[in-house]
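Below is structure-v4.txt, which holds compact mmCIF, C-alpha atoms.
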```txt
# COMPACT_ATOMS: atom_id res chain seq x y z
CA MET G 5 20.19 0.53 13.24
CA LEU G 6 21.86 -2.29 11.29
CA LYS G 7 22.12 -4.36 14.48
CA ARG G 8 18.41 -3.90 15.14
CA TYR G 9 17.43 -5.12 11.69
CA ASN G 10 19.92 -7.95 11.81
CA LEU G 11 18.16 -9.06 15.00
CA ILE G 12 14.79 -8.85 13.19
CA TRP G 13 16.19 -11.09 10.45
CA GLU G 14 17.31 -13.60 13.07
CA ARG G 15 13.75 -13.57 14.46
CA ARG G 16 12.17 -14.09 11.02
CA ALA G 17 10.60 -17.39 12.12
CA ILE G 18 8.67 -15.51 14.81
CA LEU G 19 7.70 -12.87 12.24
CA ASP G 20 6.38 -15.65 10.01
CA THR G 21 4.28 -16.98 12.91
CA LEU G 22 2.85 -13.52 13.64
CA VAL G 23 1.91 -12.99 9.99
CA ARG G 24 0.22 -16.39 9.79
CA ARG G 25 -1.68 -15.65 12.99
CA ASP G 26 -2.92 -12.33 11.60
CA LEU G 27 -4.19 -14.01 8.44
CA ARG G 28 -5.94 -16.79 10.36
CA VAL G 29 -7.61 -14.36 12.78
CA ARG G 30 -8.78 -12.13 9.94
CA TYR G 31 -10.72 -14.91 8.22
CA ALA G 32 -11.60 -17.08 11.24
CA ARG G 33 -15.29 -16.09 11.41
CA SER G 34 -15.81 -15.05 7.82
CA TRP G 35 -17.85 -17.21 5.44
CA LEU G 36 -16.37 -15.60 2.34
CA GLY G 37 -12.87 -15.33 3.82
CA TYR G 38 -10.31 -14.51 1.14
CA LEU G 39 -13.02 -13.29 -1.25
CA TRP G 40 -13.40 -10.10 0.80
CA THR G 41 -9.89 -9.18 -0.35
CA ILE G 42 -11.16 -8.82 -3.92
CA ILE G 43 -14.84 -7.99 -3.47
CA ASP G 44 -14.25 -4.49 -2.12
CA PRO G 45 -11.83 -3.21 -4.83
CA LEU G 46 -13.86 -4.85 -7.61
CA ALA G 47 -17.08 -3.27 -6.31
CA MET G 48 -15.42 0.16 -6.09
CA ALA G 49 -13.90 -0.26 -9.56
CA LEU G 50 -17.34 -1.05 -10.95
CA ILE G 51 -18.84 2.03 -9.28
CA TYR G 52 -16.14 4.38 -10.61
CA PHE G 53 -16.40 2.78 -14.06
CA VAL G 54 -20.16 3.39 -14.16
CA VAL G 55 -19.78 6.97 -12.90
CA PHE G 56 -16.94 8.06 -15.18
CA ALA G 57 -17.32 5.86 -18.26
CA LEU G 58 -21.10 5.53 -18.50
CA ILE G 59 -22.60 8.55 -16.74
CA PHE G 60 -20.02 11.29 -17.36
CA LYS G 61 -18.77 9.65 -20.59
CA ARG G 62 -15.12 10.08 -19.53
CA PRO G 63 -13.39 6.72 -20.01
CA ASP G 64 -10.32 8.82 -20.91
CA ALA G 65 -9.93 9.72 -17.22
CA GLY G 66 -7.42 6.88 -17.14
CA HIS G 67 -5.62 4.61 -19.58
CA HIS G 68 -7.67 2.32 -21.83
CA PRO G 69 -9.17 -0.11 -20.85
CA TYR G 70 -10.39 2.02 -17.99
CA PHE G 71 -11.78 -0.83 -15.86
CA LEU G 72 -8.36 -2.55 -15.80
CA PHE G 73 -6.79 0.81 -14.93
CA LEU G 74 -9.19 1.17 -11.98
CA VAL G 75 -8.72 -2.38 -10.68
CA ILE G 76 -4.92 -2.01 -10.51
CA GLY G 77 -5.17 1.33 -8.71
CA LEU G 78 -7.76 0.18 -6.19
CA LEU G 79 -5.95 -3.07 -5.35
CA VAL G 80 -2.76 -1.10 -4.68
CA TRP G 81 -4.65 1.47 -2.61
CA GLN G 82 -6.35 -1.25 -0.55
CA TRP G 83 -2.95 -2.58 0.55
CA PHE G 84 -1.67 0.91 1.35
CA ASN G 85 -4.82 2.04 3.18
CA ALA G 86 -5.12 -1.12 5.29
CA SER G 87 -1.41 -1.12 6.15
CA ILE G 88 -1.32 2.50 7.28
CA ASN G 89 -4.51 2.22 9.33
CA GLU G 90 -3.36 -0.92 11.14
CA THR G 91 0.33 -0.07 11.58
CA ALA G 92 -0.75 3.14 13.31
CA ARG G 93 -2.44 0.95 15.97
CA ALA G 94 0.10 -1.90 15.87
CA LEU G 95 1.73 -1.25 19.24
CA LEU G 96 -1.48 -0.38 21.07
CA ALA G 97 -3.31 -3.44 19.71
CA GLU G 98 -0.61 -5.76 21.05
CA ALA G 99 0.37 -3.69 24.09
CA LYS G 100 0.76 -6.62 26.51
CA LEU G 101 2.97 -8.63 24.15
CA VAL G 102 4.98 -5.55 23.15
CA ARG G 103 5.68 -4.79 26.81
CA SER G 104 6.29 -8.33 28.07
CA THR G 105 8.35 -9.91 25.27
CA ASN G 106 11.94 -9.20 24.36
CA LEU G 107 11.29 -9.19 20.62
CA PRO G 108 12.35 -6.25 18.44
CA ARG G 109 9.32 -3.96 18.62
CA GLU G 110 9.58 -3.18 14.90
CA LEU G 111 8.25 -6.71 14.32
CA TRP G 112 4.75 -5.61 15.33
CA VAL G 113 4.72 -3.01 12.56
CA ILE G 114 6.44 -5.11 9.91
CA ARG G 115 4.06 -8.04 10.46
CA VAL G 116 1.07 -5.86 9.54
CA VAL G 117 2.58 -4.71 6.24
CA LEU G 118 3.59 -8.26 5.32
CA ALA G 119 0.18 -9.73 6.22
CA LYS G 120 -1.60 -7.11 4.14
CA GLY G 121 0.96 -7.64 1.40
CA ILE G 122 0.13 -11.34 1.26
CA GLU G 123 -3.54 -10.44 0.91
CA PHE G 124 -2.57 -8.10 -1.93
CA LEU G 125 -0.63 -10.89 -3.67
CA LEU G 126 -3.56 -13.27 -3.19
CA SER G 127 -5.71 -10.83 -5.17
CA MET G 128 -3.36 -11.03 -8.17
CA PRO G 129 -5.17 -13.99 -9.84
CA VAL G 130 -8.22 -11.72 -10.26
CA LEU G 131 -6.07 -9.01 -11.85
CA ILE G 132 -4.47 -11.60 -14.14
CA VAL G 133 -7.87 -12.90 -15.27
CA ILE G 134 -9.15 -9.37 -16.02
CA ALA G 135 -5.95 -8.50 -17.88
CA LEU G 136 -6.12 -11.71 -19.94
CA VAL G 137 -9.72 -10.98 -20.92
CA TYR G 138 -8.67 -7.59 -22.30
CA VAL G 139 -5.64 -9.15 -24.01
CA ILE G 140 -7.85 -11.75 -25.71
CA THR G 141 -10.31 -9.08 -26.85
CA GLY G 142 -7.42 -6.97 -28.16
CA ASP G 143 -8.14 -4.02 -25.86
CA THR G 144 -4.69 -4.14 -24.28
CA HIS G 145 -1.28 -5.70 -24.87
CA LEU G 146 1.18 -6.66 -22.16
CA ASN G 147 4.76 -5.44 -22.56
CA TRP G 148 8.25 -5.79 -21.07
CA LYS G 149 7.55 -3.07 -18.50
CA LEU G 150 5.78 -5.74 -16.42
CA VAL G 151 9.21 -6.17 -14.77
CA LEU G 152 8.42 -2.94 -12.89
CA PHE G 153 5.48 -4.63 -11.13
CA PRO G 154 7.50 -6.67 -8.57
CA LEU G 155 9.79 -3.68 -8.05
CA ALA G 156 6.72 -1.59 -7.24
CA VAL G 157 5.62 -4.21 -4.67
CA VAL G 158 8.99 -4.00 -2.89
CA LEU G 159 9.07 -0.19 -3.05
CA GLN G 160 5.54 0.11 -1.68
CA ALA G 161 6.40 -2.28 1.16
CA PHE G 162 9.38 -0.14 2.17
CA LEU G 163 7.25 3.01 2.01
CA GLN G 164 4.65 1.43 4.28
CA PHE G 165 7.30 0.10 6.67
CA GLY G 166 8.66 3.63 7.01
CA ILE G 167 5.29 5.31 7.53
CA GLY G 168 4.21 2.59 9.95
CA LEU G 169 7.38 2.95 12.02
CA LEU G 170 6.64 6.67 12.28
CA LEU G 171 2.97 6.32 13.15
CA ALA G 172 2.99 3.38 15.58
CA PRO G 173 4.96 5.09 18.39
CA THR G 174 3.33 8.44 17.69
CA THR G 175 -0.13 6.91 18.20
CA VAL G 176 0.89 5.54 21.59
CA LEU G 177 1.97 9.00 22.73
CA ALA G 178 -0.85 10.99 21.05
CA ASP G 179 -4.36 9.54 20.70
CA ASP G 180 -5.32 12.07 18.03
CA THR G 181 -2.94 10.44 15.57
CA ILE G 182 -5.55 7.86 14.50
CA ARG G 183 -8.08 10.56 13.60
CA VAL G 184 -5.47 12.53 11.68
CA VAL G 185 -4.44 9.40 9.78
CA ARG G 186 -8.02 8.73 8.69
CA ILE G 187 -8.49 12.29 7.43
CA VAL G 188 -5.16 12.30 5.60
CA LEU G 189 -5.92 8.94 3.95
CA ARG G 190 -9.25 10.23 2.65
CA MET G 191 -7.51 13.25 1.14
CA LEU G 192 -4.62 11.17 -0.18
CA PHE G 193 -7.01 8.88 -2.08
CA TYR G 194 -8.00 11.77 -4.35
CA ALA G 195 -4.45 13.13 -4.47
CA THR G 196 -3.24 9.79 -5.86
CA PRO G 197 -3.77 8.80 -9.52
CA ILE G 198 -6.15 5.93 -8.76
CA ILE G 199 -9.28 6.95 -10.67
CA TYR G 200 -7.44 9.26 -13.08
CA SER G 201 -4.09 9.15 -14.85
CA LEU G 202 -1.19 11.35 -13.83
CA ASP G 203 -0.88 12.90 -17.29
CA LEU G 204 -4.21 14.70 -16.75
CA VAL G 205 -2.56 16.87 -14.08
CA LYS G 206 -0.95 19.85 -15.81
CA GLY G 207 1.40 22.68 -14.95
CA TRP G 208 2.90 23.23 -11.51
CA ALA G 209 0.35 20.87 -9.95
CA ALA G 210 1.92 17.94 -11.84
CA HIS G 211 5.22 18.44 -10.02
CA LEU G 212 3.35 18.74 -6.73
CA PHE G 213 1.77 15.34 -7.40
CA TRP G 214 5.26 13.88 -7.85
CA LEU G 215 5.81 14.45 -4.13
CA ASN G 216 3.17 11.81 -3.46
CA PRO G 217 5.28 8.60 -3.59
CA LEU G 218 2.21 6.59 -4.57
CA SER G 219 2.08 8.48 -7.89
CA GLY G 220 5.31 6.93 -9.13
CA ILE G 221 4.45 3.56 -7.59
CA MET G 222 1.14 3.53 -9.50
CA GLU G 223 3.04 4.29 -12.71
CA MET G 224 5.28 1.27 -12.07
CA TYR G 225 2.36 -1.06 -11.40
CA ARG G 226 0.48 -0.04 -14.54
CA ALA G 227 3.41 0.32 -16.95
CA GLY G 228 3.31 -3.27 -18.23
CA PHE G 229 -0.43 -3.27 -18.91
CA PHE G 230 -0.72 -0.15 -21.08
CA HIS G 231 1.21 1.39 -23.97
CA ASP G 232 0.85 4.93 -22.65
CA PRO G 233 4.19 6.63 -21.91
CA VAL G 234 5.56 6.06 -18.41
CA ALA G 235 6.34 9.18 -16.38
CA LYS G 236 9.93 8.63 -15.21
CA GLY G 237 10.09 11.71 -12.97
CA PRO G 238 7.46 10.51 -10.49
CA ILE G 239 9.06 7.06 -10.37
CA VAL G 240 12.49 8.43 -9.45
CA THR G 241 10.88 10.74 -6.89
CA SER G 242 8.93 7.82 -5.39
CA ILE G 243 12.08 5.74 -5.00
CA VAL G 244 13.89 8.54 -3.19
CA ILE G 245 10.93 9.44 -0.94
CA SER G 246 10.08 5.81 -0.10
CA ILE G 247 13.64 4.99 0.93
CA GLY G 248 13.77 8.28 2.84
CA PHE G 249 10.58 7.40 4.72
CA PHE G 250 12.00 4.00 5.66
CA ILE G 251 15.24 5.47 7.04
CA TRP G 252 13.34 8.24 8.85
CA GLY G 253 10.84 5.76 10.29
CA ALA G 254 13.51 3.31 11.46
CA TYR G 255 15.50 6.07 13.16
CA THR G 256 12.43 7.66 14.77
CA PHE G 257 11.09 4.35 16.05
CA ALA G 258 14.41 3.54 17.72
CA ARG G 259 14.53 6.97 19.37
CA MET G 260 10.94 6.77 20.66
CA GLU G 261 10.92 3.14 21.80
CA ARG G 262 11.81 3.83 25.43
CA ALA G 263 9.09 6.49 25.80
CA VAL G 264 6.56 4.15 24.19
CA LEU G 265 7.36 1.30 26.59
CA LYS G 266 6.83 3.63 29.56
CA GLU G 267 3.46 4.73 28.15
CA ILE G 268 1.98 1.30 27.43
```

Show how you would write the structure in this file as structure tokens.
Amino acid sequence: MLKRYNLIWERRAILDTLVRRDLRVRYARSWLGYLWTIIDPLAMALIYFVVFALIFKRPDAGHHPYFLFLVIGLLVWQWFNASINETARALLAEAKLVRSTNLPRELWVIRVVLAKGIEFLLSMPVLIVIALVYVITGDTHLNWKLVLFPLAVVLQAFLQFGIGLLLAPTTVLADDTIRVVRIVLRMLFYATPIIYSLDLVKGWAAHLFWLNPLSGIMEMYRAGFFHDPVAKGPIVTSIVISIGFFIWGAYTFARMERAVLKEI
């Protein structure tokens, strides 16, 4: 496994080219281009804010200020959702190149996560502006736990690498995988503390939510923006599960590669 990933590192220039190509193709025919990266999560954040804060009068569903809470969660989810959907189809979408080139096949999965990760990072100026507005108005105060933010980015990337390496070969061998992924992602959205805070989940269900690695990752992203206590248990659990997914995915991909090449 170490040899395989050492080879990927040696081919990092090719990976860079693939990521750049993905970004160019994505925005080639779009008038708004990069703006679509932020329009969707901002629109959804506004909808949830109106529903929970104005209609149901429950701004306490998440940390205060609730709109900032929503924006962070939805930006993170957008990266996760897009990465999982596209890594599941990564090998099929590039079947001819996967079959005909001698590149490490993991590159086709990793490139998707990195391309979507760059889009996520490009949306950060919007988050910074919103956070600064609330800082100026005195509604929030940034703190030292912001150091957890870049760690959360790295941890989420490894989680998505692992899941993608599991799904990409499975999709080639079983067409139903794509449909299952879509259903699971819809369910996972509501099982992840995106529109509500984790401390609202009580009893045995709270520990069940810890098994969702995104729960701890969300805590890490938000920790520096709010003074609410950080749940350490979910963070530790997320680290263990994310690294476990990466190891599992890397091993599974290597074992299934030969069968995948025969199929495509």

- Task: Identify, on the basis of all atoms listed in the file, every residue whose closest approach to segment 235-246 of chain G does not exceed 8 Å; exclude the query and any residue fewer than 2 positions from it along the same chain; express the result as a ChimeraX atom specification.
- Result: /G:159-160,162-163,166,214-221,223-224,233,248-250

- Out of G:Leu155, G:Leu131, G:Leu101, G:Val264, which residue has the shortest atom-to-atom distance to Leu74 of chain G when counting all atoms listed in the file?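 Once distances to Leu74 of chain G are computed over all atoms listed in the file, the minimum belongs to G:Leu131.
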
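Taking atom CA of Phe230 of chain G as the reference point, atom CA of Leu78 of chain G is found at 16.5 Å.
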
- Query: Nearest to Gly253 of chain G among G:Pro197, G:Gly207, G:Pro108, G:Gly168, with distances taken over only C-alpha atoms: which residue is it?
  - Reply: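 When distances to Gly253 of chain G are compared using only C-alpha atoms, the smallest one comes from G:Gly168.
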
- Task: Can you work out the spacing between atom CA of Val176 of chain G and atom CA of Ala86 of chain G in Å, to one decimal?
- Result: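 Between these atoms lies a distance of 18.6 Å.
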
- Item | Shell around Phe124 of chain G at 8 Å using all atoms listed in the file, local window under 3 positions removed, as a PyMOL selection string | chain G and resi 41+79-80+82-83+120-121+127-128

- Do you know which residues are at most 8 Å from Ile134 of chain G counting only C-alpha atoms, after dropping those on the same chain fewer than 4 positions away, and could you put them as a VMD selection string? chain G and resid 72 130 138
